[in-house]
>>> print(open('run18.txt').read())   # compact mmCIF, C-alpha atoms
# COMPACT_ATOMS: atom_id res chain seq x y z
CA MET A 1 -75.83 275.59 197.16
CA GLN A 2 -73.08 273.98 195.13
CA ALA A 3 -69.37 273.59 195.88
CA ARG A 4 -67.50 275.36 193.11
CA PRO A 5 -63.72 275.56 192.45
CA PHE A 6 -62.37 278.89 193.64
CA GLN A 7 -59.08 280.77 193.53
CA GLN A 8 -57.95 284.12 194.87
CA VAL A 9 -54.97 285.59 193.07
CA ASP A 10 -52.88 288.74 193.28
CA VAL A 11 -52.47 290.54 189.95
CA PHE A 12 -49.80 292.90 188.62
CA THR A 13 -47.22 291.73 191.13
CA ASP A 14 -44.68 288.92 191.47
CA THR A 15 -44.93 289.15 195.28
CA ALA A 16 -48.15 288.10 197.01
CA PHE A 17 -50.16 290.84 198.75
CA LEU A 18 -48.54 293.74 196.86
CA GLY A 19 -50.85 293.79 193.82
CA ASN A 20 -54.60 293.80 193.24
CA PRO A 21 -56.45 290.73 194.59
CA LEU A 22 -59.07 289.00 192.50
CA ALA A 23 -61.63 286.33 193.45
CA VAL A 24 -62.26 283.79 190.69
CA VAL A 25 -65.17 281.36 190.74
CA LEU A 26 -64.06 278.83 188.13
CA ASP A 27 -67.54 277.44 187.50
CA GLY A 28 -70.28 280.04 187.44
CA THR A 29 -72.76 277.82 185.59
CA GLY A 30 -76.32 278.23 186.82
CA LEU A 31 -75.69 281.27 189.00
CA SER A 32 -78.09 284.19 188.60
CA ASP A 33 -77.00 287.78 188.15
CA ALA A 34 -78.16 288.47 191.72
CA GLN A 35 -76.11 285.58 193.14
CA MET A 36 -73.00 286.77 191.35
CA GLN A 37 -73.51 290.35 192.51
CA THR A 38 -74.16 289.26 196.09
CA PHE A 39 -70.97 287.21 196.23
CA ALA A 40 -68.94 290.04 194.67
CA ALA A 41 -70.29 292.42 197.32
CA TRP A 42 -69.41 289.90 200.03
CA THR A 43 -65.78 289.48 198.92
CA GLN A 44 -65.34 293.27 199.06
CA LEU A 45 -62.57 292.99 196.47
CA SER A 46 -62.45 295.47 193.63
CA GLU A 47 -63.50 292.68 191.26
CA THR A 48 -64.79 289.10 191.39
CA THR A 49 -65.08 286.96 188.25
CA PHE A 50 -67.20 284.00 187.22
CA VAL A 51 -65.99 281.63 184.50
CA LEU A 52 -68.58 280.21 182.11
CA PRO A 53 -68.56 278.27 178.83
CA PRO A 54 -68.38 280.53 175.78
CA THR A 55 -71.59 281.55 174.08
CA PRO A 56 -72.13 279.96 170.64
CA GLU A 57 -70.97 283.24 169.06
CA GLY A 58 -67.92 283.35 171.32
CA ALA A 59 -67.04 279.73 170.61
CA ALA A 60 -67.31 280.39 166.87
CA GLY A 61 -64.84 283.25 167.34
CA GLY A 62 -62.36 281.00 169.14
CA ALA A 63 -63.14 281.82 172.79
CA ASP A 64 -61.60 279.47 175.35
CA TYR A 65 -64.00 280.62 178.06
CA ARG A 66 -66.43 283.39 178.96
CA VAL A 67 -66.00 285.59 182.03
CA ARG A 68 -68.38 287.89 183.86
CA ILE A 69 -66.77 290.61 185.97
CA PHE A 70 -68.39 292.19 189.03
CA THR A 71 -67.34 294.97 191.40
CA PRO A 72 -69.10 295.12 194.80
CA GLY A 73 -71.67 297.40 193.17
CA ALA A 74 -71.99 296.58 189.47
CA GLU A 75 -71.05 294.35 186.55
CA LEU A 76 -68.29 295.53 184.20
CA PRO A 77 -68.08 294.80 180.47
CA PHE A 78 -64.29 294.55 180.70
CA ALA A 79 -61.50 295.04 183.22
CA GLY A 80 -57.79 294.39 182.98
CA HIS A 81 -56.69 292.83 186.24
CA PRO A 82 -59.65 290.39 186.15
CA THR A 83 -58.64 289.44 182.60
CA LEU A 84 -55.08 288.51 183.59
CA GLY A 85 -56.10 287.03 186.94
CA THR A 86 -58.87 284.87 185.49
CA ALA A 87 -56.56 283.60 182.75
CA HIS A 88 -53.97 282.64 185.38
CA ALA A 89 -56.56 280.82 187.51
CA TRP A 90 -58.08 279.05 184.49
CA LEU A 91 -54.67 277.76 183.40
CA LYS A 92 -53.67 276.76 186.95
CA ALA A 93 -56.89 274.75 187.17
CA GLY A 94 -55.52 272.51 184.42
CA ASN A 95 -57.28 273.94 181.39
CA THR A 96 -55.55 274.08 178.01
CA PRO A 97 -56.09 276.88 175.46
CA ARG A 98 -57.05 276.01 171.91
CA GLN A 99 -53.88 277.65 170.63
CA LEU A 100 -50.51 277.31 172.37
CA GLY A 101 -49.40 280.59 173.95
CA VAL A 102 -52.67 282.34 173.13
CA LEU A 103 -55.92 282.66 175.09
CA MET A 104 -59.19 284.05 173.82
CA GLN A 105 -61.51 285.46 176.49
CA GLU A 106 -65.15 286.32 175.89
CA CYS A 107 -66.56 289.13 178.06
CA GLY A 108 -68.96 292.04 177.86
CA VAL A 109 -66.96 293.93 175.23
CA GLY A 110 -66.61 290.82 173.06
CA LEU A 111 -63.45 288.78 172.48
CA VAL A 112 -60.18 289.79 174.14
CA THR A 113 -56.92 288.12 173.10
CA LEU A 114 -54.18 287.25 175.58
CA LYS A 115 -50.73 286.07 174.59
CA GLN A 116 -47.79 284.67 176.50
CA LEU A 117 -44.69 286.84 176.57
CA GLY A 118 -42.06 284.67 178.27
CA GLU A 119 -43.58 283.65 181.59
CA ARG A 120 -45.84 286.70 181.68
CA TRP A 121 -49.22 287.01 179.95
CA ALA A 122 -50.53 290.19 178.34
CA PHE A 123 -53.93 291.14 176.97
CA ALA A 124 -54.67 293.14 173.85
CA ALA A 125 -56.08 296.50 174.86
CA PRO A 126 -59.64 296.74 173.50
CA PRO A 127 -60.48 299.47 170.99
CA LEU A 128 -60.51 302.87 172.67
CA ASN A 129 -62.98 305.70 172.27
CA ARG A 130 -61.60 308.99 173.56
CA SER A 131 -62.71 312.59 173.52
CA ASP A 132 -61.80 315.96 174.98
CA ILE A 133 -63.25 317.29 178.23
CA SER A 134 -64.69 320.77 178.41
CA ALA A 135 -63.39 323.12 181.08
CA GLU A 136 -66.94 323.31 182.46
CA ASN A 137 -67.12 319.53 182.96
CA LEU A 138 -63.57 319.26 184.23
CA ALA A 139 -63.89 321.92 186.91
CA PRO A 140 -66.00 319.95 189.46
CA VAL A 141 -63.73 316.91 189.03
CA LEU A 142 -60.63 318.99 189.75
CA ALA A 143 -62.39 320.48 192.78
CA ALA A 144 -63.17 316.98 194.09
CA LEU A 145 -59.53 315.97 193.60
CA GLY A 146 -58.14 319.17 195.10
CA LEU A 147 -56.28 320.00 191.90
CA ASP A 148 -55.73 323.29 190.09
CA ALA A 149 -56.13 323.42 186.32
CA SER A 150 -52.52 324.61 186.04
CA GLU A 151 -51.37 321.19 187.32
CA VAL A 152 -53.04 319.32 184.44
CA ILE A 153 -50.97 318.66 181.32
CA ALA A 154 -53.74 316.90 179.41
CA ALA A 155 -57.21 315.44 180.01
CA GLN A 156 -59.39 312.99 178.09
CA HIS A 157 -62.50 310.89 178.38
CA LEU A 158 -61.29 307.31 177.81
CA ASN A 159 -63.65 304.40 177.19
CA ASN A 160 -62.59 300.83 176.36
CA GLY A 161 -65.64 299.27 178.02
CA PRO A 162 -65.21 301.03 181.36
CA HIS A 163 -65.21 304.83 181.16
CA TRP A 164 -62.45 306.82 182.87
CA LEU A 165 -62.04 310.57 183.00
CA SER A 166 -58.26 310.64 182.82
CA LEU A 167 -55.71 313.29 183.73
CA LEU A 168 -51.99 313.59 183.03
CA ILE A 169 -50.53 315.66 185.88
CA ASN A 170 -47.24 317.55 185.96
CA ASP A 171 -45.70 315.92 189.04
CA VAL A 172 -45.57 312.47 190.67
CA ASP A 173 -45.64 314.00 194.17
CA THR A 174 -48.91 315.72 193.28
CA VAL A 175 -50.45 312.37 192.29
CA LEU A 176 -49.25 310.65 195.46
CA ALA A 177 -50.49 313.47 197.70
CA LEU A 178 -54.08 313.52 196.38
CA THR A 179 -56.83 313.07 198.99
CA PRO A 180 -60.00 313.15 196.88
CA ASP A 181 -63.51 313.91 198.04
CA HIS A 182 -64.88 310.45 197.15
CA ALA A 183 -68.45 311.43 198.00
CA ALA A 184 -68.24 314.26 195.47
CA LEU A 185 -66.83 311.93 192.80
CA LYS A 186 -69.63 309.44 193.50
CA LYS A 187 -72.23 312.20 193.16
CA LEU A 188 -70.65 313.24 189.86
CA GLY A 189 -70.81 309.61 188.71
CA THR A 190 -67.24 309.88 187.47
CA LYS A 191 -64.42 307.37 187.71
CA VAL A 192 -61.12 309.22 187.54
CA GLY A 193 -57.64 308.06 186.55
CA VAL A 194 -54.69 310.31 187.39
CA ALA A 195 -51.13 309.79 186.14
CA ALA A 196 -47.75 311.53 186.08
CA LYS A 197 -44.49 310.69 184.37
CA ARG A 198 -41.81 309.51 186.78
CA GLN A 199 -39.12 311.87 185.47
CA THR A 200 -41.16 314.84 186.72
CA ALA A 201 -41.11 313.58 190.32
CA GLU A 202 -38.29 315.89 191.41
CA GLY A 203 -39.21 318.79 189.18
CA GLY A 204 -42.67 319.83 190.32
CA LEU A 205 -43.15 323.21 191.97
CA ILE A 206 -46.89 323.48 192.55
CA ARG A 207 -47.04 321.52 195.81
CA ARG A 208 -43.66 322.51 197.24
CA ALA A 209 -45.38 324.92 199.63
CA ASN A 210 -47.55 322.17 201.11
CA ARG A 211 -45.25 320.53 203.65
CA GLU A 212 -47.66 317.79 204.71
CA ALA A 213 -48.42 316.76 201.15
CA ARG A 214 -44.74 316.80 200.24
CA ALA A 215 -43.80 314.69 203.26
CA PHE A 216 -46.58 312.20 202.55
CA ALA A 217 -45.59 311.85 198.91
CA ALA A 218 -41.95 311.31 199.88
CA SER A 219 -42.91 308.68 202.46
CA THR A 220 -45.03 306.70 200.00
CA ARG A 221 -42.65 306.87 197.05
CA ILE A 222 -40.80 303.62 196.31
CA THR A 223 -37.04 304.07 196.49
CA ASN A 224 -35.28 303.70 193.12
CA ASP A 225 -38.58 302.93 191.41
CA PRO A 226 -37.84 301.56 187.91
CA THR A 227 -41.26 302.41 186.47
CA ASP A 228 -42.01 305.30 184.13
CA LEU A 229 -45.52 306.38 185.14
CA GLU A 230 -47.32 306.74 188.49
CA VAL A 231 -51.06 305.99 188.32
CA ARG A 232 -54.00 306.24 190.71
CA ALA A 233 -57.61 305.20 190.03
CA PHE A 234 -60.60 306.57 191.95
CA ALA A 235 -63.84 304.64 191.34
CA ALA A 236 -66.38 305.70 193.98
CA PRO A 237 -69.33 305.36 191.54
CA VAL A 238 -68.82 301.56 191.45
CA GLY A 239 -68.14 301.20 195.17
CA ILE A 240 -64.33 301.40 195.15
CA ALA A 241 -62.76 304.55 196.62
CA GLU A 242 -59.35 303.70 195.14
CA ASP A 243 -58.47 300.68 193.06
CA PRO A 244 -55.03 299.19 193.81
CA VAL A 245 -54.02 298.35 190.22
CA THR A 246 -56.27 298.86 187.20
CA GLY A 247 -55.61 297.09 183.90
CA SER A 248 -58.41 298.74 181.91
CA LEU A 249 -57.29 302.22 182.96
CA ASN A 250 -53.64 301.51 182.21
CA ALA A 251 -54.63 300.08 178.82
CA SER A 252 -56.56 303.19 177.83
CA LEU A 253 -53.93 305.51 179.30
CA ALA A 254 -51.27 303.78 177.21
CA GLN A 255 -53.31 304.07 174.01
CA TRP A 256 -53.89 307.77 174.66
CA LEU A 257 -50.45 308.75 175.96
CA MET A 258 -48.56 306.82 173.28
CA ALA A 259 -50.74 308.29 170.51
CA GLU A 260 -50.17 311.83 171.77
CA GLY A 261 -46.42 311.38 172.29
CA HIS A 262 -46.56 311.73 176.07
CA MET A 263 -45.14 308.22 176.60
CA PRO A 264 -42.91 305.93 174.49
CA ASN A 265 -44.17 302.75 172.83
CA THR A 266 -42.81 300.63 175.67
CA TYR A 267 -43.00 301.62 179.33
CA SER A 268 -44.07 300.37 182.75
CA ALA A 269 -46.47 301.91 185.24
CA ARG A 270 -46.67 301.82 189.04
CA GLN A 271 -50.01 301.83 190.84
CA GLY A 272 -51.17 301.26 194.41
CA THR A 273 -48.29 303.07 196.10
CA VAL A 274 -50.46 305.06 198.49
CA LEU A 275 -52.34 301.88 199.45
CA GLY A 276 -49.13 300.08 200.39
CA ARG A 277 -49.06 298.09 197.16
CA ALA A 278 -46.40 297.91 194.48
CA GLY A 279 -48.38 297.01 191.37
CA GLN A 280 -46.44 297.04 188.12
CA VAL A 281 -48.04 297.09 184.68
CA PHE A 282 -46.03 296.51 181.49
CA LEU A 283 -47.27 298.37 178.40
CA SER A 284 -46.04 297.93 174.83
CA GLN A 285 -47.22 298.69 171.32
CA ASP A 286 -46.45 296.29 168.47
CA THR A 287 -45.69 297.15 164.85
CA GLN A 288 -49.39 296.85 163.95
CA GLY A 289 -50.26 299.50 166.57
CA GLN A 290 -51.84 297.08 169.04
CA VAL A 291 -51.17 297.95 172.69
CA TRP A 292 -50.49 294.99 175.01
CA VAL A 293 -50.94 295.12 178.77
CA GLY A 294 -48.96 292.62 180.82
CA GLY A 295 -48.33 291.79 184.43
CA ASP A 296 -47.36 289.05 186.82
CA VAL A 297 -49.94 287.04 188.78
CA VAL A 298 -49.45 285.16 192.07
CA GLY A 299 -51.83 282.54 193.47
CA CYS A 300 -52.85 283.09 197.11
CA ILE A 301 -55.90 280.91 197.91
CA SER A 302 -57.41 277.85 196.23
CA GLY A 303 -60.29 275.63 197.28
CA LEU A 304 -64.07 275.51 197.07
CA VAL A 305 -66.76 278.13 197.54
CA HIS A 306 -70.39 277.20 198.23
CA LEU A 307 -72.70 279.17 195.97
>>> encode(input="run18.txt", output="structure tokens")
Amino acid sequence: MQARPFQQVDVFTDTAFLGNPLAVVLDGTGLSDAQMQTFAAWTQLSETTFVLPPTPEGAAGGADYRVRIFTPGAELPFAGHPTLGTAHAWLKAGNTPRQLGVLMQECGVGLVTLKQLGERWAFAAPPLNRSDISAENLAPVLAALGLDASEVIAAQHLNNGPHWLSLLINDVDTVLALTPDHAALKKLGTKVGVAAKRQTAEGGLIRRANREARAFAASTRITNDPTDLEVRAFAAPVGIAEDPVTGSLNASLAQWLMAEGHMPNTYSARQGTVLGRAGQVFLSQDTQGQVWVGGDVVGCISGLVHL
């Protein structure tokens, strides 16, 4: 076993322990796939990353480093909070990007650009493939979530590396009150993202008759929340019942919702509320149509891990 530099950071928050934690092994050289997967399962965090030198192809494209991203159950080609968290840890470890204010990350989907916006970094949302969902395929997912079709404004398959079946719901309270059947979602093999626009939080009628759900939603809602969208991510197929804050999902949601006129070209999203977190994701679209996904990162643990 080898002592390797290690950091644990909290992503999409400026206050430690309110975002999504990430384990970062800053030197993954020589580790096998099985060793990486075993360590990721041991951390029991939604993701663990391993930093490696770029491949020759990545280096030719300008990559500063390569990252492999693991959940407790599988490797991911791309994920948002590991992208921001790994960049933060890599910089804190004393590394310098090739280009000032810009980082180029190599991962399973190829090269991902990050840029510095003030003191906050943002990554360029990867290209998105999206498609409609048939009523037949949507029905068992709604059943597992405990939702009625009348509560869904829009639904899409979204894929920017990870695949998410994504729903825009008519009421924030409905999103906060969801208690999914995670076993059913795992059997379906479907990761599900659910979102609702903040301005609908006081206008929904569907769940008004459910006193327990209404009380729970009210108790979890953040007072005077400045964000525009409430998001939850259910990922039982990869070993995570609910992810605290999900960059890849928020990236694809932004590309979809902006394109369809459901959200403006600049907004912020809240995620993790039900889990006692206060994750905040900043989404914006530039004049070339590129969506950028930003968030704060806080260091929590640094040292060595023996792998």
>>> closest_atom_pairs(input="run18.txt", of="region 103-212 of chain A", to="region 269-289 of chain A", cutoff="10 Å", atoms="all atoms listed in the file", output="Markdown table")
| residue | atom | partner | partner_atom | distance |
| --- | --- | --- | --- | --- |
| A:Arg120 | CA | A:Phe282 | CA | 9.8 |
| A:Ala122 | CA | A:Phe282 | CA | 8.4 |
| A:Phe123 | CA | A:Leu283 | CA | 9.9 |
| A:Ala124 | CA | A:Gln285 | CA | 9.6 |
| A:Ala125 | CA | A:Leu283 | CA | 9.7 |
| A:Val175 | CA | A:Val274 | CA | 9.6 |
| A:Leu176 | CA | A:Val274 | CA | 6.5 |
| A:Ala177 | CA | A:Val274 | CA | 8.4 |
| A:Leu178 | CA | A:Val274 | CA | 9.4 |
| A:Ala195 | CA | A:Ala269 | CA | 9.2 |
| A:Ala196 | CA | A:Ala269 | CA | 9.7 |
| A:Lys197 | CA | A:Ala269 | CA | 9.0 |
| A:Arg198 | CA | A:Ala269 | CA | 9.0 |
>>> residues_near_point(input="run18.txt", point="(-73.2, 278.9, 188.4)", cutoff="10 Å", atoms="all atoms listed in the file", output="ChimeraX atom specification")
/A:1-4,25-33,35-36,50-52,307
>>> residues_around(input="run18.txt", residues="region 74-87 of chain A", least_positions_apart="4", cutoff="8 Å", atoms="all atoms listed in the file", output="PyMOL selection string")
chain A and resi 9-12+20+22+24+37+47-49+51+67-70+91+103+105+107-109+121-123+160-162+238+245-249+251+294-295+297
>>> closest_residue(input="run18.txt", among="A:Leu138, A:Leu114, A:Asp64, A:Phe6", to="Asn95 (chain A)", atoms="all atoms listed in the file")
A:Asp64
>>> residues_around(input="run18.txt", residues="Asp132 (chain A)", least_positions_apart="5", cutoff="9 Å", atoms="all atoms listed in the file", output="list in words")
Ala155, Gln156 and His157 of chain A
>>> atom_distance(input="run18.txt", atom1="CA of Trp292 (chain A)", atom2="CA of Leu229 (chain A)")
16.0 Å
>>> atom_distance(input="run18.txt", atom1="CA of Gly146 (chain A)", atom2="CA of Gln199 (chain A)")
22.5 Å
>>> atom_distance(input="run18.txt", atom1="CA of Pro180 (chain A)", atom2="CA of Phe234 (chain A)")
8.2 Å
>>> closest_residue(input="run18.txt", among="A:Thr13, A:Asn170, A:Gln116, A:Thr71", to="Ala40 (chain A)", atoms="all atoms listed in the file")
A:Thr71
>>> closest_residue(input="run18.txt", among="A:Pro72, A:Leu128, A:Ala183, A:Arg98", to="Gln255 (chain A)", atoms="all atoms listed in the file")
A:Leu128
>>> axis_aligned_box(input="run18.txt", around="region 61-80 of chain A", padding_each_side="3 Å", output="JSON")
{"center_x": -64.9, "center_y": 288.4, "center_z": 181.1, "size_x": 20.2, "size_y": 23.9, "size_z": 33.5}
>>> closest_residue(input="run18.txt", among="A:Val112, A:Leu158, A:Ile169, A:Ala184", to="Ala144 (chain A)", atoms="only C-alpha atoms")
A:Ala184
>>> closest_residue(input="run18.txt", among="A:Val293, A:Ala254, A:Ile240, A:Ala93", to="Lys115 (chain A)", atoms="only C-alpha atoms")
A:Val293
